[in-house]
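Listing of input.txt; format and content: compact mmCIF, C-alpha atoms.
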```
# COMPACT_ATOMS: atom_id res chain seq x y z
CA MET A 3 69.03 92.41 114.61
CA SER A 4 71.65 94.50 112.93
CA ALA A 5 75.06 93.14 112.08
CA GLU A 6 76.64 95.85 114.14
CA SER A 7 75.17 94.66 117.41
CA LYS A 8 76.64 91.19 116.88
CA MET A 9 80.16 92.51 116.45
CA LYS A 10 82.35 92.36 119.51
CA PRO A 11 84.49 95.37 120.23
CA LEU A 12 88.15 94.84 119.35
CA THR A 13 89.94 94.93 122.66
CA ARG A 14 93.54 94.27 123.58
CA ARG A 15 92.43 91.11 125.33
CA SER A 16 90.49 89.74 122.37
CA CYS A 17 93.40 90.52 120.06
CA LEU A 18 95.85 88.70 122.27
CA ARG A 19 93.50 85.73 122.61
CA ARG A 20 93.11 85.52 118.86
CA ALA A 21 96.87 85.88 118.41
CA ALA A 22 97.48 83.01 120.82
CA ALA A 23 94.95 80.80 119.01
CA LEU A 24 96.38 81.61 115.60
CA SER A 25 99.96 81.01 116.66
CA LEU A 26 99.06 77.35 117.26
CA VAL A 27 97.92 76.78 113.69
CA SER A 28 100.43 78.90 111.84
CA ILE A 29 103.67 77.06 112.28
CA MET A 30 105.73 78.38 109.41
CA PRO A 31 109.52 78.64 109.28
CA LEU A 32 109.47 82.25 108.15
CA PRO A 33 106.43 84.35 107.37
CA ALA A 34 106.44 85.95 103.93
CA ARG A 35 104.64 88.93 105.45
CA ALA A 36 104.10 90.31 108.88
CA THR A 37 100.87 88.98 110.29
CA PRO A 38 98.57 91.01 112.51
CA GLN A 39 100.13 89.09 115.42
CA THR A 40 103.74 89.93 114.57
CA MET A 41 102.71 93.56 114.03
CA GLN A 42 100.97 93.50 117.41
CA ILE A 43 104.04 91.94 119.05
CA ALA A 44 106.36 94.51 117.46
CA MET A 45 104.20 97.39 118.69
CA GLU A 46 103.81 95.89 122.15
CA SER A 47 107.50 95.11 122.60
CA ALA A 48 108.25 98.72 121.67
CA PHE A 49 105.55 100.54 123.62
CA GLY A 50 103.84 98.03 125.95
CA ASP A 51 100.27 99.16 126.48
CA ARG A 52 101.06 102.88 126.70
CA PRO A 53 98.42 105.00 124.95
CA ILE A 54 99.32 106.30 121.48
CA THR A 55 97.53 109.45 120.31
CA PRO A 56 97.13 110.24 116.60
CA GLY A 57 98.72 113.58 115.72
CA ARG A 58 101.89 115.72 115.83
CA VAL A 59 103.64 113.31 113.45
CA ASN A 60 103.80 114.03 109.72
CA LEU A 61 104.42 110.99 107.58
CA ASP A 62 105.21 111.71 103.98
CA LEU A 63 104.90 108.87 101.47
CA PRO A 64 103.76 108.80 97.86
CA ALA A 65 100.24 107.40 97.38
CA LEU A 66 101.60 105.00 94.79
CA ALA A 67 105.03 103.43 94.39
CA GLU A 68 106.05 101.87 91.07
CA ASP A 69 108.97 100.02 92.62
CA GLY A 70 108.77 98.70 96.18
CA ASN A 71 112.55 98.28 96.34
CA SER A 72 113.11 101.94 97.07
CA VAL A 73 110.42 104.30 98.25
CA LEU A 74 111.28 107.75 99.62
CA LEU A 75 109.76 108.28 103.06
CA GLY A 76 109.82 111.45 105.09
CA VAL A 77 108.78 111.78 108.70
CA SER A 78 108.78 114.80 110.99
CA VAL A 79 107.36 115.65 114.40
CA ASP A 80 106.03 119.00 115.62
CA SER A 81 108.22 119.89 118.60
CA PRO A 82 110.18 122.94 119.79
CA MET A 83 113.24 120.63 120.28
CA THR A 84 114.48 122.41 123.42
CA LYS A 85 116.49 120.70 126.17
CA THR A 86 113.31 120.04 128.17
CA ASP A 87 110.80 119.44 125.38
CA TYR A 88 112.04 117.37 122.48
CA VAL A 89 111.37 114.27 120.42
CA ARG A 90 113.24 111.21 121.71
CA PHE A 91 112.52 108.86 118.83
CA VAL A 92 110.42 107.98 115.82
CA GLN A 93 109.79 104.36 114.99
CA LEU A 94 108.41 103.04 111.69
CA PHE A 95 106.37 99.89 111.12
CA SER A 96 105.32 98.10 107.91
CA PRO A 97 102.48 95.65 108.63
CA GLU A 98 102.65 93.87 105.25
CA ASN A 99 106.42 93.41 104.98
CA PRO A 100 108.05 90.12 106.11
CA LEU A 101 109.17 91.95 109.25
CA PRO A 102 107.07 94.72 110.78
CA ASP A 103 110.07 96.76 111.99
CA VAL A 104 111.48 99.27 109.51
CA ALA A 105 113.68 101.70 111.42
CA ARG A 106 114.04 103.70 114.59
CA PHE A 107 115.42 107.24 114.61
CA GLU A 108 116.71 108.81 117.81
CA PHE A 109 116.93 112.54 118.33
CA PHE A 110 118.59 114.83 120.85
CA PRO A 111 117.97 118.49 121.68
CA GLY A 112 120.94 119.26 119.38
CA SER A 113 119.05 117.67 116.49
CA GLY A 114 117.38 121.03 115.98
CA MET A 115 114.41 119.50 114.20
CA ALA A 116 112.94 116.01 114.30
CA GLU A 117 112.86 115.42 110.57
CA VAL A 118 114.23 112.45 108.65
CA LYS A 119 114.09 111.21 105.09
CA THR A 120 115.14 107.75 103.99
CA ARG A 121 114.32 105.09 101.39
CA ILE A 122 112.45 101.96 102.39
CA ARG A 123 111.40 98.63 100.89
CA LEU A 124 107.75 97.64 100.60
CA SER A 125 106.57 94.20 99.52
CA ALA A 126 102.86 95.01 99.13
CA ASP A 127 100.13 97.67 99.45
CA GLN A 128 99.95 98.72 103.07
CA THR A 129 99.50 101.38 105.71
CA ILE A 130 102.80 102.49 107.21
CA VAL A 131 102.74 103.42 110.89
CA ALA A 132 105.02 106.05 112.47
CA VAL A 133 105.14 106.41 116.25
CA ALA A 134 106.96 109.28 117.95
CA GLY A 135 108.06 109.26 121.59
CA LEU A 136 108.49 112.66 123.24
CA SER A 137 110.59 113.72 126.22
CA ASP A 138 107.45 113.90 128.38
CA ASP A 139 106.91 110.17 127.62
CA SER A 140 103.85 110.75 125.46
CA LEU A 141 103.45 108.75 122.24
CA TRP A 142 102.05 110.16 118.99
CA SER A 143 101.38 108.50 115.67
CA ALA A 144 100.60 108.95 112.00
CA LEU A 145 99.52 106.55 109.28
CA ALA A 146 100.14 106.66 105.55
CA GLN A 147 98.53 104.41 102.97
CA ILE A 148 100.57 103.37 99.98
CA ARG A 149 99.92 101.21 96.93
CA VAL A 150 102.89 99.25 95.59
CA VAL A 151 102.91 98.17 91.94
CA GLU A 152 106.02 95.98 92.00
CA GLY A 153 106.80 94.69 95.50
CA ALA A 154 110.33 94.42 96.87
CA CYS A 155 111.87 91.13 95.80
CA LEU A 156 111.09 88.10 97.96
CA ASP A 157 112.36 85.48 95.45
CA GLY A 158 110.39 82.30 95.81
CA LEU A 159 109.02 82.92 99.26
CA ILE A 160 105.40 81.94 99.63
CA MET B 4 134.52 98.28 101.63
CA TRP B 5 131.52 100.58 101.64
CA LYS B 6 131.68 103.94 99.94
CA VAL B 7 130.33 106.90 101.86
CA ARG B 8 128.98 110.21 100.57
CA ILE B 9 128.06 113.07 102.86
CA ALA B 10 126.59 116.48 102.16
CA VAL B 11 126.93 119.03 104.98
CA PRO B 12 127.62 122.75 104.74
CA LYS B 13 131.22 123.70 105.65
CA THR B 14 130.19 126.77 107.60
CA ALA B 15 127.03 127.81 109.41
CA VAL B 16 125.73 130.67 111.51
CA ALA B 17 125.17 129.85 115.19
CA GLY B 18 121.62 128.64 115.77
CA GLU B 19 121.06 127.70 112.14
CA VAL B 20 119.30 124.38 111.52
CA LEU B 21 121.28 122.44 108.93
CA THR B 22 120.32 119.54 106.70
CA VAL B 23 122.72 116.60 106.57
CA LYS B 24 122.49 114.03 103.80
CA THR B 25 124.34 110.73 103.86
CA LEU B 26 124.57 107.83 101.46
CA ILE B 27 126.53 104.58 101.83
CA THR B 28 126.93 101.74 99.37
CA HIS B 29 125.63 98.54 100.94
CA PRO B 30 123.41 95.74 99.55
CA MET B 31 121.20 95.58 102.69
CA GLU B 32 120.56 91.91 101.91
CA THR B 33 117.25 91.08 103.59
CA GLY B 34 117.78 87.36 104.29
CA PHE B 35 114.47 86.59 102.55
CA ARG B 36 115.87 86.18 99.04
CA ARG B 37 117.11 82.95 97.48
CA ASP B 38 119.81 82.47 94.87
CA THR B 39 119.30 80.51 91.63
CA SER B 40 120.00 77.18 93.36
CA GLY B 41 117.29 77.83 95.92
CA GLN B 42 119.68 78.57 98.76
CA ARG B 43 118.64 81.38 101.04
CA ILE B 44 121.01 84.34 100.79
CA PRO B 45 122.02 85.18 104.36
CA ARG B 46 121.00 88.47 105.87
CA ASN B 47 123.66 91.15 105.66
CA ILE B 48 122.54 94.60 106.72
CA LEU B 49 123.81 97.78 108.26
CA SER B 50 122.02 97.98 111.58
CA LEU B 51 123.20 101.26 113.08
CA PHE B 52 124.02 104.81 112.06
CA GLU B 53 125.25 107.52 114.39
CA CYS B 54 126.12 111.19 114.00
CA THR B 55 128.06 112.92 116.78
CA LEU B 56 129.65 116.34 117.29
CA ASP B 57 132.86 115.83 119.32
CA GLU B 58 131.36 112.70 120.99
CA GLN B 59 128.03 114.43 121.69
CA PRO B 60 125.24 112.42 120.02
CA LEU B 61 123.08 114.38 117.58
CA PHE B 62 121.22 111.68 115.68
CA ARG B 63 121.04 107.89 115.65
CA ALA B 64 119.22 105.38 113.43
CA THR B 65 118.55 101.67 113.79
CA PHE B 66 117.94 99.87 110.50
CA HIS B 67 115.99 96.70 109.73
CA PRO B 68 115.91 94.82 106.39
CA ALA B 69 113.11 97.14 105.18
CA ILE B 70 115.66 99.89 104.58
CA ALA B 71 116.49 100.00 100.86
CA ALA B 72 119.92 99.06 99.49
CA ASN B 73 122.53 101.84 99.71
CA PRO B 74 120.90 103.46 102.76
CA TYR B 75 120.12 107.15 102.30
CA LEU B 76 119.43 109.44 105.23
CA SER B 77 118.59 113.10 105.43
CA PHE B 78 118.31 114.62 108.89
CA ARG B 79 118.66 117.98 110.66
CA LEU B 80 121.00 119.38 113.26
CA VAL B 81 121.39 122.74 114.93
CA ALA B 82 124.76 124.48 114.56
CA GLU B 83 125.72 125.47 118.11
CA ARG B 84 129.50 125.44 117.97
CA SER B 85 132.36 124.49 115.68
CA GLY B 86 133.57 120.92 115.91
CA THR B 87 134.12 117.63 114.17
CA LEU B 88 131.05 115.80 113.03
CA THR B 89 131.57 112.04 112.99
CA PHE B 90 129.34 109.74 110.96
CA ARG B 91 129.49 106.06 111.82
CA TRP B 92 127.72 103.05 110.31
CA GLU B 93 127.85 99.59 111.82
CA ASP B 94 126.74 96.32 110.24
CA GLN B 95 125.20 93.35 112.03
CA GLN B 96 128.67 91.85 112.65
CA GLY B 97 129.97 95.07 114.20
CA LYS B 98 132.06 96.04 111.18
CA GLU B 99 132.06 99.82 110.82
CA ALA B 100 132.55 102.67 108.40
CA LYS B 101 133.40 106.17 109.55
CA ALA B 102 133.55 109.63 108.05
CA THR B 103 134.31 112.97 109.62
CA HIS B 104 133.55 116.56 108.64
CA TYR B 105 134.75 119.76 110.29
CA LEU B 106 131.89 122.21 110.78
CA GLU B 107 132.78 125.83 111.36
CA VAL B 108 130.13 127.84 113.17
CA THR B 109 130.35 131.63 112.97
CA ARG B 110 128.56 134.08 115.22
```
Structure translated into structure tokens:
Amino acid sequence: MSAESKMKPLTRRSCLRRAAALSLVSIMPLPARATPQTMQIAMESAFGDRPITPGRVNLDLPALAEDGNSVLLGVSVDSPMTKTDYVRFVQLFSPENPLPDVARFEFFPGSGMAEVKTRIRLSADQTIVAVAGLSDDSLWSALAQIRVVEGACLDGLI
Amino acid sequence: MWKVRIAVPKTAVAGEVLTVKTLITHPMETGFRRDTSGQRIPRNILSLFECTLDEQPLFRATFHPAIAANPYLSFRLVAERSGTLTFRWEDQQGKEAKATHYLEVTR
């Protein structure tokens, strides 16, 4: 019997069940990093169970950051940005930071182009997630992997 | 108080897509750090940024502690008409910083 056939598919239900079980054992005052559960909760509270399709979002991050205290991030979304077809928002998530939420950018047809650059903090190697919400209510995403040499300061936190 | 720096062109041709760059001095204290005596340093962050043209919203950002100190933003806007651009930052207590810039749009 191959290992593959033993593996259960990762469904929303199984994730939630595991999250519920884990939340009973992990009673910590403040997590030093976002756990898969807090990441899941952040994504669900933002988008519910709406489908998210990979594509249309360009997430620009260096492959390696020397200093996690300030990393330049660029994100843009392919959209004509007309009054009827535009990008409503882009939301960024960092699964390995103490909090999964990074920022949310809101656009309007007068934004001209859905393109933002900013500097973020990263406490460890991780895969940053960008989710864009369009005016037709569709959700699109992009991922970017980054290695962090010196993580953003967490002074004494476990 | 926080120091603000903004880079926007003074004039633009109608329909042109401009780049706006903003920088504000702020520690963006995460609330996860401790001082030398082991006391947790309370969170102190800017949580909102807004850019409007004569009250019409053009761009808005919500920040969490993962935004680096002295928040930098670069974003785009389309020059449709002349008017006053207002840039507004708000911290978690509702304290705000404001800057304005008159943009002249030529045809």
Please return, as number ranges by chain, all residues of chain B lying within 8 Å of chain A when only C-alpha atoms are considered. B: 20, 35-37, 60-72, 74-81, 83
Would you mind exporting C-alpha atoms of the selected residues as a PDB file, in the frame of the given file?
```pdb
ATOM      1  CA  VAL B  20     119.300 124.380 111.520  1.00  0.00           C
ATOM      2  CA  PHE B  35     114.470  86.590 102.550  1.00  0.00           C
ATOM      3  CA  ARG B  36     115.870  86.180  99.040  1.00  0.00           C
ATOM      4  CA  ARG B  37     117.110  82.950  97.480  1.00  0.00           C
ATOM      5  CA  PRO B  60     125.240 112.420 120.020  1.00  0.00           C
ATOM      6  CA  LEU B  61     123.080 114.380 117.580  1.00  0.00           C
ATOM      7  CA  PHE B  62     121.220 111.680 115.680  1.00  0.00           C
ATOM      8  CA  ARG B  63     121.040 107.890 115.650  1.00  0.00           C
ATOM      9  CA  ALA B  64     119.220 105.380 113.430  1.00  0.00           C
ATOM     10  CA  THR B  65     118.550 101.670 113.790  1.00  0.00           C
ATOM     11  CA  PHE B  66     117.940  99.870 110.500  1.00  0.00           C
ATOM     12  CA  HIS B  67     115.990  96.700 109.730  1.00  0.00           C
ATOM     13  CA  PRO B  68     115.910  94.820 106.390  1.00  0.00           C
ATOM     14  CA  ALA B  69     113.110  97.140 105.180  1.00  0.00           C
ATOM     15  CA  ILE B  70     115.660  99.890 104.580  1.00  0.00           C
ATOM     16  CA  ALA B  71     116.490 100.000 100.860  1.00  0.00           C
ATOM     17  CA  ALA B  72     119.920  99.060  99.490  1.00  0.00           C
ATOM     18  CA  PRO B  74     120.900 103.460 102.760  1.00  0.00           C
ATOM     19  CA  TYR B  75     120.120 107.150 102.300  1.00  0.00           C
ATOM     20  CA  LEU B  76     119.430 109.440 105.230  1.00  0.00           C
ATOM     21  CA  SER B  77     118.590 113.100 105.430  1.00  0.00           C
ATOM     22  CA  PHE B  78     118.310 114.620 108.890  1.00  0.00           C
ATOM     23  CA  ARG B  79     118.660 117.980 110.660  1.00  0.00           C
ATOM     24  CA  LEU B  80     121.000 119.380 113.260  1.00  0.00           C
ATOM     25  CA  VAL B  81     121.390 122.740 114.930  1.00  0.00           C
ATOM     26  CA  GLU B  83     125.720 125.470 118.110  1.00  0.00           C
TER      27      GLU B  83
END
```
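CA of Met4 (chain B) is positioned 9.6 Å from CA of Glu99 (chain B).
Coordinates place CA of His29 (chain B) at a distance of 12.3 Å from CA of Lys98 (chain B).
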Contacts of Glu93 (chain B) at 7 Å (only C-alpha atoms; same-chain gap of 6+ positions) as an NGL selection string: :B and (49-52 or 99-100)
Would you work out the distance separating CA of Ile130 (chain A) from CA of Val7 (chain B), expressed in Å to one decimal? 28.4 Å
